>>> print(open('run_26.txt').read())   # compact mmCIF, C-alpha atoms and all ligand atoms
# COMPACT_ATOMS: atom_id res chain seq x y z
CA MET I 1 1.94 27.95 2.46
CA SER I 2 -0.79 27.24 4.97
CA ILE I 3 -0.13 24.37 7.36
CA SER I 4 -3.13 22.08 7.21
CA ARG I 5 -3.32 18.35 7.85
CA ASN I 6 -3.50 17.80 4.08
CA ASN I 7 -0.07 19.36 3.60
CA MET I 8 1.56 17.00 6.06
CA PRO I 9 3.78 14.26 4.57
CA ILE I 10 3.06 10.57 4.12
CA GLY I 11 5.66 8.29 5.70
CA PHE I 12 6.78 4.99 4.16
CA PHE I 13 8.94 2.33 5.72
CA ASP I 14 10.55 -0.96 4.92
CA SER I 15 13.76 -2.78 5.82
CA GLY I 16 15.46 -1.38 2.72
CA VAL I 17 14.73 -0.60 -0.92
CA GLY I 18 11.66 -2.87 -1.20
CA GLY I 19 9.13 -0.25 -0.13
CA LEU I 20 10.13 1.88 -3.10
CA THR I 21 8.00 -0.47 -5.23
CA VAL I 22 5.03 0.86 -3.23
CA LEU I 23 6.16 4.49 -3.14
CA LYS I 24 6.44 4.46 -6.94
CA GLU I 25 2.79 3.39 -7.33
CA VAL I 26 1.52 5.80 -4.68
CA LYS I 27 3.35 8.67 -6.35
CA LYS I 28 1.62 7.88 -9.67
CA LEU I 29 -1.80 8.29 -8.03
CA MET I 30 -0.92 11.12 -5.64
CA PRO I 31 1.75 13.24 -7.32
CA ASN I 32 1.15 16.26 -5.09
CA GLU I 33 1.95 14.59 -1.80
CA ASN I 34 5.10 15.08 0.23
CA PHE I 35 6.81 11.76 0.97
CA ILE I 36 9.25 10.64 3.62
CA TYR I 37 10.81 7.22 3.08
CA PHE I 38 12.72 5.29 5.71
CA GLY I 39 14.71 2.14 4.87
CA ASP I 40 15.93 0.27 7.95
CA THR I 41 19.06 -1.00 6.21
CA LEU I 42 20.86 -1.57 9.50
CA HIS I 43 18.38 -4.33 10.35
CA VAL I 44 17.63 -5.87 6.94
CA PRO I 45 16.48 -8.63 6.47
CA TYR I 46 13.34 -8.22 8.58
CA GLY I 47 12.15 -11.65 7.46
CA GLU I 48 14.64 -13.31 9.81
CA LYS I 49 13.87 -11.19 12.87
CA THR I 50 11.68 -12.00 15.87
CA LYS I 51 8.43 -10.21 16.61
CA GLU I 52 10.09 -8.45 19.57
CA GLN I 53 12.88 -7.11 17.37
CA LEU I 54 10.41 -5.91 14.73
CA LEU I 55 8.33 -4.18 17.40
CA ASP I 56 11.45 -2.46 18.67
CA TYR I 57 12.55 -1.20 15.23
CA SER I 58 9.02 -0.08 14.29
CA LYS I 59 8.62 1.89 17.49
CA ASP I 60 11.64 4.06 16.59
CA ILE I 61 10.52 4.46 12.99
CA LEU I 62 6.96 5.42 13.91
CA ASN I 63 8.23 7.90 16.50
CA PHE I 64 10.38 9.42 13.77
CA PHE I 65 7.30 9.81 11.54
CA HIS I 66 5.49 11.33 14.51
CA GLU I 67 8.26 13.95 14.88
CA LYS I 68 8.07 14.59 11.14
CA LYS I 69 4.34 15.26 11.57
CA CYS I 70 3.17 12.68 9.05
CA LYS I 71 -0.55 12.51 8.34
CA ALA I 72 -0.36 8.80 7.45
CA VAL I 73 2.20 6.00 7.39
CA VAL I 74 2.45 3.27 4.78
CA MET I 75 3.80 -0.03 6.07
CA ALA I 76 5.43 -0.88 2.76
CA CYS I 77 6.65 -4.12 4.28
CA ASN I 78 4.79 -7.42 4.28
CA THR I 79 6.84 -8.75 7.19
CA THR I 80 5.85 -6.03 9.69
CA SER I 81 2.27 -6.02 8.37
CA SER I 82 2.09 -9.79 9.06
CA THR I 83 3.73 -9.81 12.44
CA ILE I 84 3.25 -6.54 14.36
CA TYR I 85 0.61 -4.38 12.66
CA GLU I 86 -2.16 -5.59 14.97
CA ASP I 87 -0.08 -4.67 18.03
CA ILE I 88 0.71 -1.11 17.01
CA LYS I 89 -2.14 0.01 14.74
CA ASP I 90 -3.98 2.09 17.34
CA LYS I 91 -1.02 3.61 19.12
CA TYR I 92 -0.45 6.67 16.91
CA TYR I 93 -2.45 9.71 15.86
CA PHE I 94 -1.87 8.88 12.17
CA LYS I 95 -3.39 6.08 10.16
CA ILE I 96 -1.10 3.17 9.36
CA TYR I 97 -1.71 1.29 6.12
CA PRO I 98 -0.52 -2.37 6.16
CA ILE I 99 0.18 -4.01 2.81
CA VAL I 100 -0.82 -7.62 3.61
CA GLN I 101 -4.26 -6.94 5.12
CA THR I 102 -5.10 -4.42 2.37
CA VAL I 103 -4.01 -6.61 -0.52
CA ALA I 104 -5.42 -9.89 0.87
CA LYS I 105 -8.88 -8.35 0.77
CA VAL I 106 -8.48 -7.57 -2.94
CA LEU I 107 -7.04 -11.00 -3.73
CA ALA I 108 -9.85 -12.77 -1.87
CA LYS I 109 -12.40 -11.15 -4.19
CA THR I 110 -10.85 -12.64 -7.33
CA SER I 111 -12.07 -15.93 -8.77
CA LEU I 112 -8.63 -17.52 -8.42
CA GLN I 113 -8.69 -20.96 -6.86
CA ARG I 114 -4.97 -21.70 -6.55
CA LEU I 115 -2.82 -18.82 -5.40
CA GLY I 116 0.91 -18.92 -4.68
CA ILE I 117 2.54 -16.47 -2.27
CA PHE I 118 6.28 -15.81 -2.26
CA ALA I 119 7.28 -14.00 0.93
CA THR I 120 9.88 -13.80 3.68
CA PRO I 121 10.19 -16.56 6.32
CA ALA I 122 8.49 -14.35 8.96
CA THR I 123 5.54 -13.54 6.68
CA ILE I 124 5.02 -17.18 5.68
CA ASN I 125 5.41 -18.45 9.24
CA SER I 126 2.85 -15.92 10.48
CA GLY I 127 0.20 -17.37 8.13
CA ALA I 128 -1.06 -13.80 7.65
CA TYR I 129 -1.85 -14.03 3.93
CA GLN I 130 -3.70 -17.32 4.38
CA ASN I 131 -5.65 -16.05 7.40
CA GLU I 132 -6.56 -12.71 5.86
CA ILE I 133 -7.72 -14.29 2.59
CA ALA I 134 -9.72 -16.94 4.47
CA LYS I 135 -11.66 -14.16 6.27
CA TYR I 136 -13.29 -13.25 2.93
CA ASN I 137 -12.91 -16.39 0.84
CA SER I 138 -12.62 -19.89 2.26
CA ASN I 139 -12.44 -21.57 -1.14
CA MET I 140 -9.12 -20.21 -2.32
CA LYS I 141 -6.17 -22.57 -1.89
CA VAL I 142 -3.13 -20.53 -0.86
CA TYR I 143 0.39 -21.91 -1.21
CA GLY I 144 2.91 -19.95 0.83
CA GLN I 145 6.62 -20.35 0.16
CA HIS I 146 9.46 -18.42 1.70
CA CYS I 147 12.47 -17.36 -0.32
CA PRO I 148 15.17 -16.72 2.29
CA ASP I 149 17.84 -15.40 -0.10
CA TRP I 150 15.84 -13.02 -2.25
CA VAL I 151 15.96 -9.91 -0.05
CA LYS I 152 19.76 -10.11 0.20
CA ILE I 153 19.99 -10.50 -3.57
CA VAL I 154 17.99 -7.29 -4.05
CA GLU I 155 19.78 -5.30 -1.34
CA ASN I 156 23.18 -6.36 -2.69
CA ASN I 157 22.08 -5.69 -6.24
CA THR I 158 23.26 -9.13 -7.41
CA SER I 159 20.14 -10.36 -9.19
CA GLN I 160 22.00 -10.79 -12.47
CA ASN I 161 24.70 -13.10 -11.02
CA ALA I 162 24.57 -16.71 -12.20
CA GLU I 163 24.35 -17.94 -8.61
CA SER I 164 21.39 -15.65 -7.81
CA ILE I 165 19.58 -16.63 -11.00
CA GLU I 166 19.97 -20.29 -10.04
CA ILE I 167 18.54 -19.68 -6.54
CA ILE I 168 15.56 -17.77 -7.94
CA LYS I 169 14.90 -20.40 -10.60
CA ASN I 170 15.01 -23.23 -8.04
CA ASP I 171 12.61 -21.44 -5.69
CA LEU I 172 10.26 -20.73 -8.58
CA ASN I 173 10.34 -24.39 -9.68
CA ILE I 174 9.31 -25.51 -6.20
CA MET I 175 6.32 -23.15 -6.29
CA LEU I 176 5.34 -24.22 -9.83
CA ARG I 177 4.79 -27.79 -8.61
CA ASN I 178 1.62 -26.46 -6.91
CA ASN I 179 0.35 -25.33 -10.29
CA PRO I 180 -0.73 -21.86 -9.08
CA GLN I 181 -2.88 -19.66 -11.35
CA LYS I 182 -1.05 -16.60 -10.03
CA ILE I 183 1.87 -15.98 -7.69
CA VAL I 184 1.83 -12.95 -5.39
CA LEU I 185 5.15 -11.24 -4.78
CA GLY I 186 4.40 -10.97 -1.06
CA CYS I 187 7.54 -9.09 -0.15
CA THR I 188 8.07 -5.59 -1.46
CA HIS I 189 11.63 -6.44 -2.49
CA TYR I 190 10.55 -9.19 -4.88
CA PRO I 191 9.28 -7.07 -7.81
CA PHE I 192 12.95 -6.08 -8.27
CA LEU I 193 13.44 -9.72 -9.35
CA LEU I 194 10.78 -9.74 -12.07
CA PRO I 195 13.41 -9.48 -14.84
CA VAL I 196 14.83 -12.82 -13.60
CA LEU I 197 11.51 -14.51 -12.75
CA THR I 198 10.12 -13.73 -16.19
CA LYS I 199 13.01 -15.56 -17.83
CA PHE I 200 11.42 -18.75 -16.52
CA ALA I 201 7.68 -18.05 -16.34
CA PRO I 202 5.27 -15.65 -18.05
CA LYS I 203 4.97 -12.14 -16.65
CA GLU I 204 1.18 -12.59 -16.27
CA LEU I 205 1.76 -15.30 -13.66
CA PHE I 206 3.06 -12.78 -11.11
CA ILE I 207 1.13 -10.24 -9.07
CA ASP I 208 3.00 -7.24 -7.72
CA PRO I 209 0.46 -6.00 -5.16
CA ALA I 210 1.87 -2.44 -5.03
CA ALA I 211 -0.62 -0.95 -7.50
CA ASN I 212 -3.63 -2.40 -5.66
CA PHE I 213 -2.19 -1.24 -2.36
CA ALA I 214 -1.64 2.29 -3.70
CA HIS I 215 -5.19 2.38 -5.01
CA ALA I 216 -6.60 1.43 -1.60
CA ILE I 217 -4.46 4.08 0.14
CA ASN I 218 -5.59 6.72 -2.32
CA THR I 219 -9.25 5.78 -1.81
CA ASP I 220 -8.95 5.93 1.95
CA LEU I 221 -7.07 9.24 2.05
CA THR I 222 -9.63 10.70 -0.35
CA MET I 223 -12.52 9.52 1.82
CA SER I 224 -10.77 10.96 4.87
CA ALA I 225 -10.36 14.30 3.03
CA LEU I 226 -6.59 14.09 3.53
CA ILE I 227 -5.38 14.37 -0.05
CA ASN I 228 -2.98 17.19 -0.81
CA ASP I 229 -4.18 18.50 -4.14
CA ASN I 230 -2.84 21.97 -3.83
CA ASN I 231 0.91 21.59 -3.56
CA SER I 232 3.23 22.96 -6.20
CA GLU I 233 6.31 22.06 -4.15
CA HIS I 234 6.07 18.28 -3.89
CA THR I 235 8.97 16.95 -1.79
CA GLU I 236 10.60 13.58 -1.21
CA GLU I 237 12.98 12.80 1.64
CA PHE I 238 14.91 9.55 1.99
CA TYR I 239 16.46 8.21 5.19
CA VAL I 240 18.26 4.96 5.99
CA SER I 241 19.77 3.53 9.15
CA SER I 242 23.01 2.50 7.39
CA ASP I 243 24.94 2.85 4.13
CA PRO I 244 23.05 5.49 2.09
CA GLU I 245 25.22 4.96 -0.99
CA LYS I 246 24.43 1.25 -1.16
CA PHE I 247 20.73 2.04 -0.78
CA LYS I 248 20.82 4.57 -3.58
CA ASN I 249 22.67 2.18 -5.83
CA SER I 250 20.36 -0.80 -5.23
CA ALA I 251 17.28 1.42 -5.59
CA LYS I 252 18.34 2.55 -9.06
CA MET I 253 16.74 -0.19 -11.14
CA PHE I 254 13.32 0.63 -9.65
CA TYR I 255 13.33 4.21 -8.47
CA GLU I 256 15.24 7.32 -9.41
CA ILE I 257 16.29 9.09 -6.22
CA ASN I 258 17.21 12.66 -7.00
CA SER I 259 17.90 13.90 -3.50
CA GLU I 260 20.45 13.07 -0.83
CA VAL I 261 19.79 9.88 1.13
CA LYS I 262 20.43 10.71 4.79
CA GLU I 263 21.65 8.30 7.41
CA ILE I 264 20.01 8.47 10.81
CA CYS I 265 20.55 6.49 13.95
CA PHE I 266 17.82 6.27 16.59
CA ASN I 267 19.94 5.30 19.59
N1 LIG I 301 10.40 -5.90 2.04
C1 LIG I 301 9.93 -6.44 3.27
C2 LIG I 301 8.69 -7.26 3.10
O1 LIG I 301 7.85 -6.89 2.30
C3 LIG I 301 11.00 -6.95 4.22
C4 LIG I 301 11.97 -7.92 3.67
C5 LIG I 301 13.08 -8.29 4.65
O2 LIG I 301 13.79 -7.39 5.10
O3 LIG I 301 13.22 -9.50 4.95
O4 LIG I 301 8.49 -8.22 3.79
>>> encode(input="run_26.txt", output="structure tokens")
Amino acid sequence: MSISRNNMPIGFFDSGVGGLTVLKEVKKLMPNENFIYFGDTLHVPYGEKTKEQLLDYSKDILNFFHEKKCKAVVMACNTTSSTIYEDIKDKYYFKIYPIVQTVAKVLAKTSLQRLGIFATPATINSGAYQNEIAKYNSNMKVYGQHCPDWVKIVENNTSQNAESIEIIKNDLNIMLRNNPQKIVLGCTHYPFLLPVLTKFAPKELFIDPAANFAHAINTDLTMSALINDNNSEHTEEFYVSSDPEKFKNSAKMFYEINSEVKEICFN
């Protein structure tokens, strides 16, 4: 097989299983690519970390993707996109795709007037969704709400427990008081909770931005002539910074992982 830039893998990262919601959509559009996924399970939840901590973790992860010779990296994490993307975007030879900035542009072009955003505390506190949408559309009213327990519920695979269902329902009820036309699941972990959310509100109310994000990535890689359309040996590699078995188990309801999940430590 010839080694060209097109054959190089695409890296994905998140604090845990959440980014798999993005990988799944990217894989549908680009089935011939080689993927490397990193879940920083040692440091989850990212939504409670400081900007300095997130910069520190991302530096190690991006260096890892550099060693793996990735042609592009997908920041499948709203929290790092909101807080540190601007600081690191030009520091690597590969393109880095941030979910918030990419998706906000698409949302801003809709005719929605009242938009809810569920996201982590760090994403909401950064104001990134509001600011990015306002760049293109100053008429849209954006209601941000953080859901501090949701990431843990997904990582621990406890979304069907009565206590978790109660937490999710209460958070949803708070958001519904704003009467949003749509609610964006602005954390890549949250689509795992759709089976619970849709017990209390119609499915059409929620936007999982992964498909729009995947579409934008596909368009950009195509325009950059970086698509791998001649690869009969598509590969997927999965890495975590702690507890591979737990990762594999929590991933199950969203993504079938057929290879070994490897644990790596950067220090
Ligand atoms: N899934 C990530 C996001 O989209 C991070 C969640 C977390 O670890 O708090 O924000």
>>> closest_residue(input="run_26.txt", among="I:Asn170, I:Ser250, I:Ser4, I:Asn78", to="Ala210 of chain I", atoms="all atoms listed in the file")
I:Asn78
>>> residues_near_point(input="run_26.txt", point="(23.8, 1.5, 2.8)", cutoff="12 Å", atoms="all atoms listed in the file", output="PyMOL selection string")
chain I and resi 15-17+39-44+155-157+239-251+261-264
>>> residues_near_ligand(input="run_26.txt", ligand="ligand LIG 301 (chain I)", cutoff="6 Å", atoms="all atoms listed in the file", output="JSON, numbers by chain")
{"I": [14, 15, 18, 44, 45, 46, 47, 77, 78, 79, 120, 151, 187, 188, 189]}
>>> closest_residue(input="run_26.txt", among="I:Ser224, I:Asn125, I:Asn137, I:Thr198", to="Ser111 of chain I", atoms="all atoms listed in the file")
I:Asn137
>>> residues_around(input="run_26.txt", residues="Ala225 of chain I", least_positions_apart="3", cutoff="12 Å", atoms="all atoms listed in the file", output="PyMOL selection string")
chain I and resi 4-7+71+218-222+228-229
>>> atom_distance(input="run_26.txt", atom1="atom CA of Ser138 of chain I", atom2="atom CA of Ile96 of chain I")
26.7 Å
>>> atom_distance(input="run_26.txt", atom1="atom CA of Glu52 of chain I", atom2="atom CA of Ala128 of chain I")
17.2 Å
>>> closest_residue(input="run_26.txt", among="I:Ala104, I:Leu29, I:Leu62, I:Val74", to="Ile88 of chain I", atoms="all atoms listed in the file")
I:Leu62
>>> atom_distance(input="run_26.txt", atom1="atom CA of Arg114 of chain I", atom2="atom CA of Ile207 of chain I")
13.2 Å
